[in-house]
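First up is the structure itself, then whatever we jot down about it.
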Amino acid sequence: MTTGLDYDGLASVFRAAAANVRSGVDRLCELDCATGDGDHGVAMGRAMDALEKGIDQCSTTSIQTMLEGVAESVESIDAGSTGPLMGSLMEGIAESVGDATRIDTRLLATIFEAGLDELLVISKAKVGDKTMVDALIPAVEALKVAAAGGESVADALAKAADAAEAGAEKTKQFQARFGRARNLGERSIGHQDPGATSMAMFFRGMAEGAASRENS
Amino acid sequence: MTTGLDYDGLASVFRAAAANVRSGVDRLCELDCATGDGDHGVAMGRAMDALEKGIDQCSTTSIQTMLEGVAESVESIDAGSTGPLMGSLMEGIAESVGDATRIDTRLLATIFEAGLDELLVISKAKVGDKTMVDALIPAVEALKVAAAGGESVADALAKAADAAEAGAEKTKQFQARFGRARNLGERSIGHQDPGATSMAMFFRGMAEGAASRENS
Amino acid sequence: MPMKKFINAPENLTVELLEGFAEAYKKQVKLEGKTVVRATPKSDDKVALVTLGGAGHEPALSGCVGQGSLDASVVGDIFAAPGAPAVVAALEATKRDAGTLLIILNHAGDVLSGEKAFNKAVKAGINVQKILTHEDISAGKDAPLEDRRGLVGCVVLYKIAGAAAEAGKSLDEVVAIAERFNENMRTLIVGAVPATHPANGASLGELADDEMEVGMGQHGEGGGGVMKLASADETARIMLDKILNTMEVNSGDKLFVMINGCGATTLMEQCIVLRAVKNLLEAKGIELVRSMVGEFLTVQEMGGFQMCVAKMDDELIALFDAPCDTPAYTVK
Amino acid sequence: MPMKKFINAPENLTVELLEGFAEAYKKQVKLEGKTVVRATPKSDDKVALVTLGGAGHEPALSGCVGQGSLDASVVGDIFAAPGAPAVVAALEATKRDAGTLLIILNHAGDVLSGEKAFNKAVKAGINVQKILTHEDISAGKDAPLEDRRGLVGCVVLYKIAGAAAEAGKSLDEVVAIAERFNENMRTLIVGAVPATHPANGASLGELADDEMEVGMGQHGEGGGGVMKLASADETARIMLDKILNTMEVNSGDKLFVMINGCGATTLMEQCIVLRAVKNLLEAKGIELVRSMVGEFLTVQEMGGFQMCVAKMDDELIALFDAPCDTPAYTVK
Ligand SMILES: Nc1ncnc2c1ncn2[C@@H]1O[C@H](COP(=O)(O)OP(=O)(O)O)[C@@H](O)[C@H]1O
Ligand SMILES: Nc1ncnc2c1ncn2[C@@H]1O[C@H](COP(=O)(O)OP(=O)(O)O)[C@@H](O)[C@H]1O
Ligand SMILES: [Mg+2]
Ligand SMILES: [Mg+2]
Ligand SMILES: [Mg+2]
Ligand SMILES: [Mg+2]
């Protein structure tokens with residue numbers, strides 16, 4: 001068992017995340033129909049295309065360069081809220097990764113925490129506001145716990161995905177305070193937030209990618 | 001039995017014509033829906049309102065003055081084809097009535113023929129073109145025959161109404177060559193022309209008005 | 001389905017509309033009875049332009065009143081021509097030595113009222129000439145005049161003739177220019193969703209959910225070819241081909257193209273259609289020298305558009321480019 | 001029901017629309033990537049105005065680019081804000097000593113992209129200030145900022161700030177004027193017929209055959225009050241009352257009123273509504289000092305309209321009257 005993800009490992013984990021999100025595009029649009037304008041699946045689909053384009057176009061073997069390219073690419077999509085939010089997440093990750101050539105669980109927790117912080121600069125959402133933050137914060141917490149416990153990247157990501165899914169599930173109870181769903185007020189209660197759902201799918205995809213790498 | 005219509009007689013005969021046309025406004029709109037833009041009933045309703053307004057506003061007892069007022073009033077309505085056509089008919093009638101104080105069958109035939117001629121200046125339609133002319137020409141012919149035969153105004157108008165109705169009925173077989181229905185081409189065959197129908201109703205109303213006057 | 005329009009009593013539609021219209025565009029127009037005239041009249045030594053027609057096509061026809069275009073628009077009722085007396089009154093009011101051009105669109109009621117008014121004005125000694133627009137080619141190139149309706153091209157003709165009048169040209173010159181543009185232009189309408197008559201809620205025309213009609217009349221009178229809905233590019237190609245087939249256009253020629261939304265068809269779609277036309281013309285080596293895109297003559301909330309194409313020469317282009325200031329179109 | 005729109009492949013909608021738009025209005029605008037800029041740039045000593053937003057609302061927002069209004073409109077995709085990098089690029093391109101005003105409409109995506117771009121531009125040393133339009137009062141007068149969406153009022157704000165910039169005012173002065181108008185304006189939307197999303201045919205919102213919603217969001221997000229369809233006069237009264245309730249307006253005050261058609265609602269109806277507003281204001285002794293009627297910011301073929309009301313002072317009126325030349329609105 002190798003410790004952590006090298007350049008190729010990180011790329012393949014991200015590609016697995018993209019594939020998993022893409023498999024849910026229709027469901028994400030349906031969720032967004034209920035509380036928003038029905039395009040979150042399209043937006044996340046575009047974000048995932050951009051993510052892979054960033055990886056494809058990277059001509060070095062530097063993780064930092066790849067992540068910077070991914071961040072720029074994701075940020076550039078024309079997709080409403082999703083572009084800036086996912087773009088900021090990737091920017092925070094890219095800016096905090098330094099010159100690492102391998103990402104272990106500790107570094108993984110660090111860069112995702114930096115990504116979360118960068119996202120929160122523009123998001124202003126807190127847990128319970130029915131946004132993607134409801135999935136992202138518990139996922140980052142889970143990564144930190146796993147890092148402290150010395151767990152493998154695959155195990156850490158599996159736990160992060162579990163936490164994100166639980167967080168997404170909980171958004172059903174909340175009233176939306178951000179995005180288009182906000183205008184629905186109490187009518188938003190009962191619906192699961194599309195952004196939290198896609199965030200959970202992103203972590204689940206990463207976890208599966210990491211697991212299949214460890215097992216191969 | 002008086003011979004012909006005096007000022008009041010002519011006015012009441014026209015009012016009866018107006019009442020009869022108004023009773024068919026919905027049917028006329030329906031006919032116009034099939035081959036035109038569905039407003040012929042509205043247009044004829046307005047023409048009849050204008051006709052009565054012309055009578056109401058006449059402050060003399062001169063038949064000519066009354067008819068001039070009627071012509072001007074009918075002509076002034078904003079009603080597509082119907083305004084100019086019915087306006088011209090009334091203009092021709094007003095211009096040819098001279099200083100008559102009583103209208104006998106002979107004069108009736110003369111003024112309606114003059115009205116027809118004035119209408120044809122702008123109409124350009126011939127019998128068989130599926131227009132109001134298909135009712136008006138036979139009606140005028142019938143008036144002329146009745147005048148030559150020395151018949152009463154009421155009898156003459158009844159025969160004119162019969163002839164106009166027969167003419168209107170025949171328009172079903174024709175293909176429209178004027179008005180909006182023209183663009184339908186062969187698809188116009190089978191539908192009765194709204195303008196011919198309202199013209200027949202106009203004559204039937206006059207005939208009924210004249211009959212009830214003679215019987216009273 | 002009940003009509004979903006913001007109106008009051010149907011019998012007041014035209015009057016209320018005109019009052020609101022005159023308020024909205026008071027810098028450019030004012031109301032005299034049911035006739036819309038320029039807020040600031042043109043000087044007497046210039047030819048006046050008068051037109052007539054029903055309401056319900058806003059901004060046309062009255063939206064073309066103003067500096068550099070029409071002097072008066074005589075309004076009837078919804079889709080119904082005004083009576084001749086109002087037209088005569090407008091010709092009396094704009095009467096001048098320079099003369100007046102009466103522009104009539106080829107629709108039954110307009111022609112009947114317009115011709116009648118024209119004859120009376122001539123009898124009354126007014127110096128007036130008339131022109132009939134009839135650019136609809138849905139019935140084919142050689143169809144009798146009665147089948148070639150007057151469509152949105154009048155808007156461009158008003159502008160070009162208006163610029164000629166503003167430049168101080170004589171009545172004969174203005175008529176000649178207007179006639180030249182009139183002969184040069186061709187229009188075709190495609191309809192996809194029928195309009196609702198605002199006074200009675202009746203649907204103007206019928207089309208299945210997957211159908212469109214190329215050559216649909218202005219009010220859904222029909223007479224064109226019903227076909228399956230096509231893409232913007234394909235629809236543009238079908239219509240442009242039909243139009244170019246009736247014109248003599250050669251590589252190097254300069255064309256004006258107008259895409260006029262009928263009501264519900266979006267400016268987005270109109271722009272996509274113009275792009276298609278430009279590409280098609282480019283492939284033929286024909287220059288798209290000027291264009292207009294937008295809602296100039298609508299039929300309530302009808303879905304569809306009119307494509308108007310005209311061969312241009314340098315004089316027509318210069319007149320098209322001249323300044324004008326009307327509710328529907330302003331050139332600085 | 002299948003979508004009855006004249007489009008091609010949905011994924012090309014925005015690009016094709018922009019190409020056609022740039023062709024149609026080439027005298028006023030040109031395209032740089034997916035950013036619409038002035039055909040003839042403003043001189044460098046004048047403040048530049050930049051905005052951003054999704055497409056599908058034609059002519060807005062890009063229809064406001066031109067002399068006397070915006071310098072650049074950064075376009076996203078249909079109903080979707082552009083990414084921040086394109087906005088940063090536009091701010092780089094218009095960079096000048098006089099400074100740039102970035103105008104952001106209060107919608108989630110626009111705000112996220114706009115703020116992000118603003119922060120990056122500031123970091124990059126660009127002299128830029130920003131303003132957020134948020135005139136929707138459907139959530140009530142004292143609703144939190146997040147609930148007051150940016151609606152059609154931006155079109156007027158662009159024009160007024162644009163006139164101030166054109167007059168050579170400093171960035172601080174332009175910002176102060178724009179902020180004053182921003183605070184003065186209020187908008188309410190009534191929807192009667194939902195739009196169709198042009199890329200996927202989805203219906204944006206739901207309303208029964210006899211219902212309308214006062215305070216409907218720009219894309220049918222809802223949040224207003226659904227009620228029975230009312231007449232033009234009654235709808236105008238309901239909306240004007242709600243708006244005036246959030247303002248301090250006294251007899252003798254001067255109000256600007258805009259009636260903006262959302263797509264399928266006709267200019268006829270818009271004029272009838274303006275007439276109603278004028279009568280209502282007159283009864284209160286309030287002057288309808290300026291108005292705009294037409295389709296400036298649409299939502300595809302949505303039925304309904306936006307009513308935007310703003311208290312005016314002499315300076316704002318003069319700026320409103322100043323010349324401008326844009327696809328959506330031209331003042332001679
Ligand atoms: N301020 C915010 N902070 C965090 N997440 C947000 C915020 N605003 C919106 N979101 C997320 O974005 C999702 C909607 O994304 P999307 O549909 O792509 O954007 P849009 O609302 O512009 O159509 C919401 O479900 C929510 O999770
Ligand atoms: N040139 C014409 N000559 C005689 N009658 C005509 C002519 N054109 C139209 N009509 C008559 O007018 C009728 C339609 O009238 P109406 O519906 O009021 O006018 P519009 O066609 O302007 O809506 C037709 O049914 C036809 O009888
Ligand atoms: Mg969305
Ligand atoms: Mg009719
Ligand atoms: Mg009619
Ligand atoms: Mg969106």
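Chains: A, B, ... in order of the structure tokens. Residues: from 1 per chain. Ligands: from 1, in order shown.
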**Residue set, segment 9-176 of chain A restricted to alpha helix (DSSP H), as a ChimeraX atom specification** = /A:9-22,25-35,40-56,63-75,82-96,105-123,133-148,153-170
Which residues of chain A are close to chain D, meaning at most 12 Å apart when you count only C-alpha atoms, and how do they look as a CSV table (one decimal) with C-alpha atoms, in the first residue's frame?
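result.csv, freshly written:
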```csv
chain,number,residue,atom,x,y,z
A,26,ASP,CA,-30.5,14.4,-14.5
A,29,CYS,CA,-31.5,19.0,-12.4
A,30,GLU,CA,-34.7,17.5,-11.0
A,32,ASP,CA,-33.0,22.1,-8.7
A,33,CYS,CA,-36.3,22.2,-10.5
A,34,ALA,CA,-38.1,21.8,-7.2
A,35,THR,CA,-36.3,24.7,-5.4
A,36,GLY,CA,-34.4,26.6,-8.1
A,37,ASP,CA,-34.2,26.9,-11.8
A,38,GLY,CA,-33.5,23.4,-12.8
A,39,ASP,CA,-29.9,23.7,-14.1
A,40,HIS,CA,-27.7,22.5,-11.3
A,42,VAL,CA,-26.0,21.1,-16.2
A,43,ALA,CA,-23.8,23.4,-14.1
A,46,ARG,CA,-19.9,21.7,-17.0
A,47,ALA,CA,-17.8,22.1,-13.8
A,50,ALA,CA,-13.8,21.9,-16.9
A,71,ALA,CA,-9.1,25.9,-10.6
A,72,GLU,CA,-8.9,28.3,-13.5
A,73,SER,CA,-10.8,26.1,-15.8
A,74,VAL,CA,-13.6,25.4,-13.3
A,75,GLU,CA,-13.9,29.1,-12.4
A,76,SER,CA,-14.3,30.0,-16.1
A,77,ILE,CA,-17.5,28.1,-16.8
A,78,ASP,CA,-20.6,30.2,-17.3
A,79,ALA,CA,-22.9,28.3,-14.9
A,80,GLY,CA,-24.5,30.6,-12.4
A,81,SER,CA,-23.6,30.0,-8.7
A,82,THR,CA,-21.7,26.7,-9.3
A,83,GLY,CA,-18.8,28.2,-11.3
A,84,PRO,CA,-17.6,30.6,-8.6
A,85,LEU,CA,-18.3,28.2,-5.8
A,86,MET,CA,-16.6,25.2,-7.2
A,87,GLY,CA,-13.9,27.5,-8.7
A,88,SER,CA,-13.1,28.9,-5.3
A,91,GLU,CA,-8.5,27.7,-6.0
A,118,GLU,CA,-11.8,30.1,0.1
A,119,LEU,CA,-15.3,29.0,-0.8
A,120,LEU,CA,-16.7,30.6,2.3
A,121,VAL,CA,-15.2,34.0,1.4
A,122,ILE,CA,-17.8,34.3,-1.3
A,123,SER,CA,-20.5,31.9,0.0
A,124,LYS,CA,-21.3,33.4,3.4
A,125,ALA,CA,-23.4,30.3,4.1
A,131,THR,CA,-26.4,24.8,0.5
A,176,ALA,CA,-33.0,27.7,2.2
A,177,ARG,CA,-31.1,30.9,3.0
A,178,PHE,CA,-29.0,31.2,-0.2
A,179,GLY,CA,-29.4,30.9,-3.9
A,180,ARG,CA,-32.7,30.9,-5.8
A,181,ALA,CA,-34.3,28.5,-3.4
A,182,ARG,CA,-34.3,31.3,-0.7
A,183,ASN,CA,-37.2,33.0,-2.3
A,184,LEU,CA,-39.4,29.9,-1.6
A,185,GLY,CA,-39.0,30.5,2.1
A,186,GLU,CA,-40.7,27.7,4.1
A,187,ARG,CA,-41.8,26.0,0.8
A,188,SER,CA,-38.1,24.9,0.4
```
**Request:** Write out as a list in words which residues come within 7 Å of segment 247-252 of chain D when counting only C-alpha atoms, dropping same-chain ones fewer than 2 positions away.
**Result:** Ile243, Leu244, Asn245, Lys254, Lys284, Gly285, Ile286 and Glu287 of chain D
Selection to disk with C-alpha atoms, as an mmCIF file, in the first residue's frame:
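Output file result-v2.cif is given in full below:
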```cif
data_model
loop_
_atom_site.group_PDB
_atom_site.id
_atom_site.type_symbol
_atom_site.label_atom_id
_atom_site.label_comp_id
_atom_site.auth_asym_id
_atom_site.auth_seq_id
_atom_site.Cartn_x
_atom_site.Cartn_y
_atom_site.Cartn_z
ATOM 1 C CA ILE D 243 -44.626 49.989 -4.746
ATOM 2 C CA LEU D 244 -45.696 53.381 -3.378
ATOM 3 C CA ASN D 245 -46.112 51.787 0.055
ATOM 4 C CA LYS D 254 -41.907 63.534 -9.824
ATOM 5 C CA LYS D 284 -52.709 61.604 -6.156
ATOM 6 C CA GLY D 285 -51.200 64.826 -7.520
ATOM 7 C CA ILE D 286 -47.984 63.054 -8.449
ATOM 8 C CA GLU D 287 -46.312 63.888 -11.730
#
```
**Request:** Please provide as a list in words all residues within 6 Å of segment 210-214 of chain A, with the sequence filter that same-chain residues fewer than 2 positions apart are discarded (counting only C-alpha atoms).
**Result:**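 Residues near the query, excluding close chain neighbours: Val13, Ala154, Ala207, Glu208 and Ser216 of chain A.
Near Gly63 of chain D, within 10 Å and counting only C-alpha atoms, sit D:Phe21, D:Ala22, D:Tyr25, D:Gln28, D:Val29, D:Val36, D:His57, D:Glu58, D:Pro59, D:Ala60, D:Gly66, D:Ser69, D:Leu70, D:Ser73, D:Val155, D:Phe296, D:Leu297, D:Asp325, D:Thr326, D:Pro327, D:Ala328, D:Tyr329; same-chain residues fewer than 3 positions away were not included.
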**Message:** So that I can see what lies close to Val25 of chain B, please list as JSON, numbers by chain the residues with an atom at most 7 Å from it, counting only C-alpha atoms and leaving out residues fewer than 3 positions away in the same chain.
**Reply:** {"B": [21, 22, 28, 29, 41, 42, 45]}
Taking all heavy atoms for each residue, export the selection above as an mmCIF file, in the first residue's frame.
```
data_model
loop_
_atom_site.group_PDB
_atom_site.id
_atom_site.type_symbol
_atom_site.label_atom_id
_atom_site.label_comp_id
_atom_site.auth_asym_id
_atom_site.auth_seq_id
_atom_site.Cartn_x
_atom_site.Cartn_y
_atom_site.Cartn_z
ATOM 1 N N VAL B 21 -80.162 42.628 -38.492
ATOM 2 C CA VAL B 21 -78.734 42.321 -38.632
ATOM 3 C C VAL B 21 -78.123 42.097 -37.256
ATOM 4 O O VAL B 21 -77.369 41.140 -37.036
ATOM 5 C CB VAL B 21 -78.000 43.462 -39.368
ATOM 6 C CG1 VAL B 21 -76.485 43.247 -39.292
ATOM 7 C CG2 VAL B 21 -78.453 43.531 -40.827
ATOM 8 N N ARG B 22 -78.491 42.939 -36.303
ATOM 9 C CA ARG B 22 -77.925 42.810 -34.958
ATOM 10 C C ARG B 22 -78.264 41.467 -34.327
ATOM 11 O O ARG B 22 -77.454 40.916 -33.586
ATOM 12 C CB ARG B 22 -78.438 43.935 -34.055
ATOM 13 C CG ARG B 22 -77.521 45.124 -34.054
ATOM 14 C CD ARG B 22 -77.799 46.013 -32.872
ATOM 15 N NE ARG B 22 -77.667 47.395 -33.293
ATOM 16 C CZ ARG B 22 -78.681 48.164 -33.605
ATOM 17 N NH1 ARG B 22 -79.936 47.728 -33.518
ATOM 18 N NH2 ARG B 22 -78.456 49.397 -34.000
ATOM 19 N N LEU B 28 -72.706 35.858 -37.707
ATOM 20 C CA LEU B 28 -71.845 36.492 -38.710
ATOM 21 C C LEU B 28 -70.378 36.389 -38.323
ATOM 22 O O LEU B 28 -69.511 36.182 -39.165
ATOM 23 C CB LEU B 28 -72.251 37.960 -38.906
ATOM 24 C CG LEU B 28 -73.647 38.169 -39.532
ATOM 25 C CD1 LEU B 28 -74.043 39.646 -39.486
ATOM 26 C CD2 LEU B 28 -73.680 37.653 -40.973
ATOM 27 N N CYS B 29 -70.101 36.526 -37.030
ATOM 28 C CA CYS B 29 -68.716 36.356 -36.575
ATOM 29 C C CYS B 29 -68.248 34.927 -36.810
ATOM 30 O O CYS B 29 -67.118 34.686 -37.244
ATOM 31 C CB CYS B 29 -68.587 36.716 -35.092
ATOM 32 S SG CYS B 29 -68.510 38.506 -34.817
ATOM 33 N N GLY B 41 -69.429 40.169 -37.814
ATOM 34 C CA GLY B 41 -70.586 40.504 -36.977
ATOM 35 C C GLY B 41 -70.362 41.799 -36.213
ATOM 36 O O GLY B 41 -71.238 42.665 -36.151
ATOM 37 N N VAL B 42 -69.173 41.925 -35.652
ATOM 38 C CA VAL B 42 -68.833 43.162 -34.933
ATOM 39 C C VAL B 42 -68.907 44.346 -35.894
ATOM 40 O O VAL B 42 -69.467 45.403 -35.567
ATOM 41 C CB VAL B 42 -67.415 43.057 -34.319
ATOM 42 C CG1 VAL B 42 -67.004 44.373 -33.682
ATOM 43 C CG2 VAL B 42 -67.357 41.913 -33.316
ATOM 44 N N GLY B 45 -72.452 45.069 -36.807
ATOM 45 C CA GLY B 45 -73.106 45.649 -35.638
ATOM 46 C C GLY B 45 -72.785 47.140 -35.546
ATOM 47 O O GLY B 45 -73.663 47.987 -35.342
#
```
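Among the candidates D:Gln306, D:Asn279, D:Ser291, D:Gln129, the residue lying nearest to chain C is D:Ser291 (atoms considered: only C-alpha atoms).
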**Request:** Specify as a ChimeraX atom specification all residues of chain D found within 7 Å of chain C, counting only C-alpha atoms.
**Result:** /D:1-2,4-8,16-17,19-21,24,56,58-59,192,209-210,231-233,263-269,271-272,274-275,291-293,300-301,330,332
**Computed interatomic separation between atom CA of Met66 of chain A and atom CA of Gly149 of chain A (Å)** = 28.5 Å
**Message:** Counting only C-alpha atoms, which residue out of C:Ala48, C:Leu105, C:Leu157, C:Val214 sits closest to Asn182 of chain C?
**Reply:**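 Ranked by minimum distance to Asn182 of chain C, first place goes to C:Leu157.
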